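K.L.:
Sharing my_file_27.csv, CSV, C-alpha atoms and all ligand atoms:
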chain,number,residue,atom,x,y,z
T,298,MET,CA,-6.9,-17.3,-11.3
T,299,ILE,CA,-3.1,-17.8,-10.9
T,300,GLU,CA,-3.0,-19.4,-14.4
T,301,LEU,CA,-5.0,-16.5,-15.9
T,302,PHE,CA,-2.6,-14.1,-14.2
T,303,TYR,CA,0.4,-15.9,-15.6
T,304,HIS,CA,-1.1,-16.0,-19.0
T,305,LEU,CA,-1.8,-12.3,-18.9
T,306,PHE,CA,1.7,-11.6,-17.6
T,307,LEU,CA,3.3,-13.3,-20.6
T,308,TYR,CA,1.1,-11.4,-22.9
T,309,ALA,CA,2.0,-8.2,-21.2
T,310,ILE,CA,5.7,-8.9,-21.5
T,311,ILE,CA,5.5,-9.9,-25.1
T,312,ASP,CA,3.4,-7.0,-26.3
T,313,THR,CA,2.3,-4.2,-24.0
T,314,GLU,CA,0.2,-2.7,-26.8
T,315,ARG,CA,-2.4,-5.4,-26.2
T,316,GLY,CA,-4.6,-2.9,-24.4
T,317,ALA,CA,-7.4,-5.2,-23.2
T,318,GLU,CA,-5.1,-7.8,-21.7
T,319,VAL,CA,-3.0,-5.2,-19.9
T,320,ASP,CA,-6.2,-3.7,-18.6
T,321,GLU,CA,-7.1,-7.1,-17.2
T,322,LEU,CA,-3.8,-7.1,-15.5
T,323,ARG,CA,-4.6,-3.7,-13.9
T,324,LYS,CA,-7.8,-5.1,-12.6
T,325,ILE,CA,-6.2,-8.2,-11.1
T,326,MET,CA,-3.6,-6.0,-9.5
T,327,GLY,CA,-6.4,-4.2,-7.8
T,328,LEU,CA,-5.6,-0.8,-9.4
T,329,GLY,CA,-8.6,1.5,-10.0
T,330,ASN,CA,-9.7,2.5,-13.5
T,331,GLY,CA,-7.9,5.8,-13.1
T,332,TYR,CA,-4.7,3.9,-13.8
T,333,LYS,CA,-3.1,2.3,-16.9
T,334,VAL,CA,-0.4,-0.3,-17.0
T,335,VAL,CA,2.0,0.8,-19.8
T,336,LYS,CA,5.0,-1.5,-19.5
T,337,ILE,CA,6.3,-4.5,-17.5
T,338,GLU,CA,10.0,-5.1,-17.0
T,339,GLU,CA,12.1,-7.6,-15.2
T,340,GLY,CA,15.3,-6.4,-13.5
T,341,SER,CA,17.4,-6.9,-10.5
T,342,ASP,CA,16.7,-5.3,-7.1
T,343,GLY,CA,20.0,-5.9,-5.3
T,344,LYS,CA,20.5,-9.6,-5.3
T,345,VAL,CA,17.0,-10.6,-6.2
T,346,LYS,CA,15.1,-10.5,-9.5
T,347,ALA,CA,12.2,-8.0,-9.5
T,348,LYS,CA,9.2,-7.1,-11.6
T,349,TYR,CA,8.7,-3.4,-12.5
T,350,ILE,CA,5.2,-2.6,-13.5
T,351,HIS,CA,5.0,0.9,-15.1
T,352,VAL,CA,1.7,2.6,-14.3
T,353,GLU,CA,0.4,5.9,-15.5
T,354,THR,CA,-2.6,7.9,-14.3
T,355,LYS,CA,-5.5,8.4,-16.8
T,356,SER,CA,-6.8,11.7,-15.3
T,357,SER,CA,-7.6,14.4,-17.9
T,358,LYS,CA,-8.5,17.1,-15.5
T,359,CYS,CA,-7.8,18.0,-11.9
T,360,LYS,CA,-9.1,20.3,-9.3
T,361,CYS,CA,-6.8,23.1,-8.3
T,362,PRO,CA,-6.1,22.7,-4.5
T,363,LYS,CA,-5.6,26.5,-4.2
T,364,CYS,CA,-8.6,28.0,-5.9
T,365,GLY,CA,-10.9,25.0,-6.5
T,366,LYS,CA,-11.2,25.5,-10.3
T,367,TYR,CA,-10.8,22.5,-12.6
T,368,THR,CA,-7.9,22.5,-15.1
T,369,LYS,CA,-7.1,20.3,-18.1
T,370,SER,CA,-3.7,21.7,-18.7
T,371,VAL,CA,-0.9,19.3,-18.0
T,372,HIS,CA,2.3,21.2,-17.1
T,373,ASP,CA,4.6,18.2,-17.2
T,374,ARG,CA,5.0,14.6,-16.1
T,375,LEU,CA,7.2,13.8,-13.0
T,376,LYS,CA,9.9,11.2,-13.0
T,377,SER,CA,8.3,7.9,-11.9
T,378,VAL,CA,8.2,7.0,-8.2
T,379,LYS,CA,9.1,3.5,-7.2
T,380,LEU,CA,6.4,1.9,-4.9
T,381,LYS,CA,6.8,-1.4,-3.3
T,382,TYR,CA,3.9,-3.6,-4.4
T,383,VAL,CA,2.6,-6.9,-3.2
T,384,LYS,CA,4.6,-9.8,-4.7
T,385,ALA,CA,3.6,-11.3,-8.0
T,386,PHE,CA,4.4,-15.1,-8.2
T,387,GLU,CA,6.6,-14.8,-5.1
T,388,GLN,CA,8.7,-12.2,-6.9
T,389,VAL,CA,9.5,-8.8,-5.5
T,390,THR,CA,7.3,-6.3,-7.4
T,391,TYR,CA,7.4,-2.6,-7.8
T,392,VAL,CA,4.9,-0.2,-9.3
T,393,MET,CA,6.7,2.6,-11.2
T,394,LEU,CA,4.1,5.3,-10.9
T,395,SER,CA,4.2,8.3,-13.3
T,396,LYS,CA,2.3,11.3,-12.0
T,397,LYS,CA,1.3,14.5,-13.9
T,398,ARG,CA,1.7,18.1,-12.8
T,399,PHE,CA,-1.2,20.3,-13.8
T,400,ILE,CA,-1.2,24.1,-14.1
T,401,CYS,CA,-4.2,26.2,-13.1
T,402,HIS,CA,-4.8,29.1,-15.5
T,403,LYS,CA,-6.9,31.0,-13.0
T,404,CYS,CA,-4.3,31.3,-10.3
T,405,ASN,CA,-1.2,30.1,-12.1
T,406,TYR,CA,-0.6,27.4,-9.5
T,407,LYS,CA,1.3,24.2,-10.5
T,408,PHE,CA,0.4,21.1,-8.6
T,409,THR,CA,0.9,17.3,-8.7
T,410,GLU,CA,-2.3,15.3,-9.1
T,411,PRO,CA,-3.4,13.3,-6.0
T,412,VAL,CA,-3.1,9.5,-6.3
T,413,THR,CA,-4.7,6.8,-4.3
T,414,ILE,CA,-2.2,4.0,-4.7
T,415,GLN,CA,0.6,5.6,-2.8
T,416,GLY,CA,0.7,4.6,0.9
T,417,GLU,CA,1.2,6.9,3.9
T,418,SER,CA,4.9,6.2,3.8
T,419,LYS,CA,5.6,7.4,0.4
T,420,SER,CA,7.7,4.5,-1.0
T,421,ILE,CA,5.1,1.8,-0.6
T,422,SER,CA,1.7,1.2,-2.1
T,423,ASN,CA,-1.4,1.2,0.0
T,424,LYS,CA,-1.8,-2.5,-1.2
T,425,VAL,CA,1.3,-3.4,0.8
T,426,GLU,CA,0.1,-1.4,3.8
T,427,GLN,CA,-3.2,-3.4,3.7
T,428,LYS,CA,-1.4,-6.7,3.4
T,429,ILE,CA,0.9,-5.8,6.3
T,430,LEU,CA,-2.2,-5.0,8.5
T,431,ILE,CA,-3.7,-8.4,7.6
T,432,ASP,CA,-0.4,-10.2,8.3
T,433,LEU,CA,-0.2,-8.5,11.7
T,434,ARG,CA,-3.5,-10.2,12.6
T,435,ASN,CA,-2.0,-13.6,12.0
T,436,TYR,CA,-0.8,-14.9,15.4
T,437,ASN,CA,1.8,-17.2,13.8
T,438,LEU,CA,3.7,-14.6,12.0
T,439,SER,CA,6.6,-12.7,13.6
T,440,LEU,CA,7.3,-9.1,12.9
T,441,LYS,CA,10.6,-10.0,11.3
T,442,TYR,CA,8.9,-12.5,9.0
T,443,ILE,CA,6.2,-9.9,8.0
T,444,ALA,CA,9.0,-7.4,7.3
T,445,GLU,CA,10.9,-9.8,5.1
T,446,GLU,CA,7.9,-11.1,3.3
T,447,ASN,CA,6.7,-7.6,2.4
T,448,ASN,CA,10.2,-6.3,1.5
T,449,VAL,CA,10.1,-3.5,4.1
T,450,SER,CA,12.0,-2.7,7.3
T,451,ASP,CA,10.8,-3.6,10.9
T,452,ASN,CA,10.4,0.1,11.4
T,453,THR,CA,8.0,0.5,8.5
T,454,ILE,CA,5.8,-2.2,10.1
T,455,ARG,CA,5.8,-0.4,13.4
T,456,ASN,CA,4.9,2.9,11.7
T,457,ILE,CA,2.0,1.3,9.8
T,458,LEU,CA,0.8,-0.3,13.0
T,459,LYS,CA,1.1,3.1,14.8
T,460,GLU,CA,-0.7,4.9,12.0
T,461,SER,CA,-3.6,2.4,12.0
T,462,MET,CA,-3.9,2.9,15.8
T,463,ALA,CA,-3.7,6.7,15.7
T,464,ASN,CA,-7.5,7.1,15.9
T,465,TYR,CA,-7.8,5.0,19.0
T,466,PRO,CA,-7.5,6.4,22.5
T,467,GLU,CA,-4.2,5.7,24.3
T,468,HIS,CA,-6.0,3.8,27.0
T,469,VAL,CA,-9.5,2.6,26.6
T,470,ILE,CA,-11.5,4.0,29.5
T,471,ASN,CA,-15.0,2.8,28.7
T,472,LEU,CA,-14.8,-0.9,27.9
T,473,PRO,CA,-17.6,-2.4,25.9
T,474,ARG,CA,-19.7,-5.3,27.4
T,475,VAL,CA,-17.8,-7.9,25.5
T,476,ILE,CA,-14.1,-7.8,24.8
T,477,SER,CA,-11.7,-10.4,23.5
T,478,PHE,CA,-7.9,-10.7,23.5
T,479,ASP,CA,-5.4,-11.6,20.9
T,480,GLU,CA,-1.7,-11.8,20.8
T,481,PHE,CA,0.8,-11.7,18.0
T,482,LYS,CA,4.5,-12.2,17.9
T,483,ALA,CA,6.1,-8.8,18.0
T,484,ASP,CA,9.7,-9.5,19.1
T,485,THR,CA,10.1,-5.9,20.2
T,486,LYS,CA,12.4,-4.7,23.0
T,487,LYS,CA,9.3,-4.6,25.3
T,488,GLY,CA,8.4,-8.2,24.8
T,489,LYS,CA,8.0,-11.1,22.6
T,490,TYR,CA,4.3,-10.8,22.1
T,491,ALA,CA,2.1,-7.8,21.7
T,492,PHE,CA,-1.3,-7.9,23.3
T,493,VAL,CA,-4.4,-6.9,21.3
T,494,LEU,CA,-7.6,-5.9,22.9
T,495,ASN,CA,-10.7,-6.3,20.7
T,496,ASP,CA,-14.3,-5.4,20.7
T,497,PRO,CA,-15.7,-8.4,18.8
T,498,ILE,CA,-19.2,-7.1,18.5
T,499,HIS,CA,-18.2,-3.9,16.7
T,500,LYS,CA,-15.2,-5.7,15.1
T,501,LYS,CA,-12.8,-3.0,16.4
T,502,VAL,CA,-9.3,-3.1,17.8
T,503,LEU,CA,-9.4,-1.2,21.1
T,504,ASP,CA,-5.8,-1.2,22.1
T,505,ILE,CA,-2.5,-2.8,21.4
T,506,LEU,CA,-0.1,-3.2,24.3
T,507,PRO,CA,3.6,-3.9,23.8
T,508,ASN,CA,3.6,-7.1,25.9
T,509,ARG,CA,1.3,-9.4,27.8
T,510,LYS,CA,2.7,-8.7,31.3
T,511,LYS,CA,0.2,-7.8,34.0
T,512,ASN,CA,1.6,-4.3,34.8
T,513,THR,CA,1.2,-3.2,31.2
P,601,ZN,ZN,-6.1,27.6,-9.2
Give the structure from this file in structure tokens form.
P.N.:
Amino acid sequence: MIELFYHLFLYAIIDTERGAEVDELRKIMGLGNGYKVVKIEEGSDGKVKAKYIHVETKSSKCKCPKCGKYTKSVHDRLKSVKLKYVKAFEQVTYVMLSKKRFICHKCNYKFTEPVTIQGESKSISNKVEQKILIDLRNYNLSLKYIAEENNVSDNTIRNILKESMANYPEHVINLPRVISFDEFKADTKKGKYAFVLNDPIHKKVLDILPNRKKNT
């Protein structure tokens, strides 16, 4: 798989017009078929080298969020947004996403098309958010390490964790019959380890406590 990816990467750098190969790259990157890889560049991101993968949306029509009518009229294309992506070959990677603005002829409303690859915090992709959530489950990784590894700040990690917990009650009142505990290195002001309460049968996280002390 890695070899294939490398092979495709070289092709993509040499000639981005090779549609099929670039489309394979899109698939390997986990981008849906609503997207198209148009160009790959290498550049510097501060002190480190980074890959910039330019991606466009392929949508030809879009539903007006105001009146609900579909429109095919593209008003303009917005300047690309830079999204942090998961690393490719241990290199910092960004997706440069170009979004279109449509205009609805029924109500004259101009709107930006919705995209699925942008995460909750607007400068990172949902792929990075997913990777961070997986990393957080690994007991051996510290929050600082996860932040560095994913090229984001400690605060971003906390926000992603908070966001993913938003649907859970602050304190779990009705405990299921079976629960399990987990800890991960959090290194927060409140303690070195965070304490995770799981419902192993329904494979759900019930609560995350800032430390493993009894009074929490
Ligand atoms: Zn409309």
K.L.:
Write out as a tab-separated table (two decimals) with C-alpha atoms, keeping the file's coordinate frame each polymer residue whose atoms come within 10 Å of stretch 339-346 of chain T, counting only C-alpha atoms; drop sequence neighbours fewer than 4 positions from it.
P.N.:
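out-v4.tsv was written with the following content:
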chain	number	residue	atom	x	y	z
T	310	ILE	CA	5.70	-8.90	-21.50
T	350	ILE	CA	5.20	-2.60	-13.50
T	388	GLN	CA	8.70	-12.20	-6.90
T	389	VAL	CA	9.50	-8.80	-5.50
T	390	THR	CA	7.30	-6.30	-7.40
T	391	TYR	CA	7.40	-2.60	-7.80
K.L.:
As a list in words, please: the residues near T:Val449 (cut-off 12 Å, only C-alpha atoms, same-chain neighbours under 5 positions excluded).
P.N.:
Leu380, Lys381, Tyr382, Val383, Val389, Ser418, Ser420, Ile421, Ser422, Val425, Glu426, Lys428, Ile429, Leu440, Lys441, Tyr442, Ile443, Ala444, Ile454, Arg455, Asn456 and Ile457 of chain T
K.L.:
Quick one: residues within 7 Å of ligand ZN 601 (chain P), with only C-alpha atoms and all ligand atoms, as an MDAnalysis selection string?
P.N.:
chainID T and resid 361:366 401:406
K.L.:
So how far away is atom CA of T:Leu458 from atom CA of T:Leu430, in Å?
P.N.:
7.2 Å
K.L.:
What separation in Å, quoted to one decimal, exists between atom CA of T:Thr354 and atom CA of T:Lys397?
P.N.:
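Atom CA of T:Lys397 lies 7.7 Å from atom CA of T:Thr354.
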K.L.:
Between atom CA of T:His351 and atom CA of T:Asp432, measure the distance and give it in Å to one decimal.
P.N.:
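Distance reported for this atom pair: 26.5 Å.
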K.L.:
Out of T:Glu338, T:Glu321, T:Glu387, T:Glu353, which residue has the shortest atom-to-atom distance to T:Asn447 when counting only C-alpha atoms?
P.N.:
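Residue with the minimum atom-to-atom distance to T:Asn447: T:Glu387.
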K.L.:
I want to know what sits within 9 Å of T:Tyr332, based on only C-alpha atoms, with residues of the same chain fewer than 2 positions away left out; could you give that as a list in words?
P.N.:
Arg323, Leu328, Gly329, Asn330, Val334, Val352, Glu353, Thr354, Lys355 and Ser356 of chain T
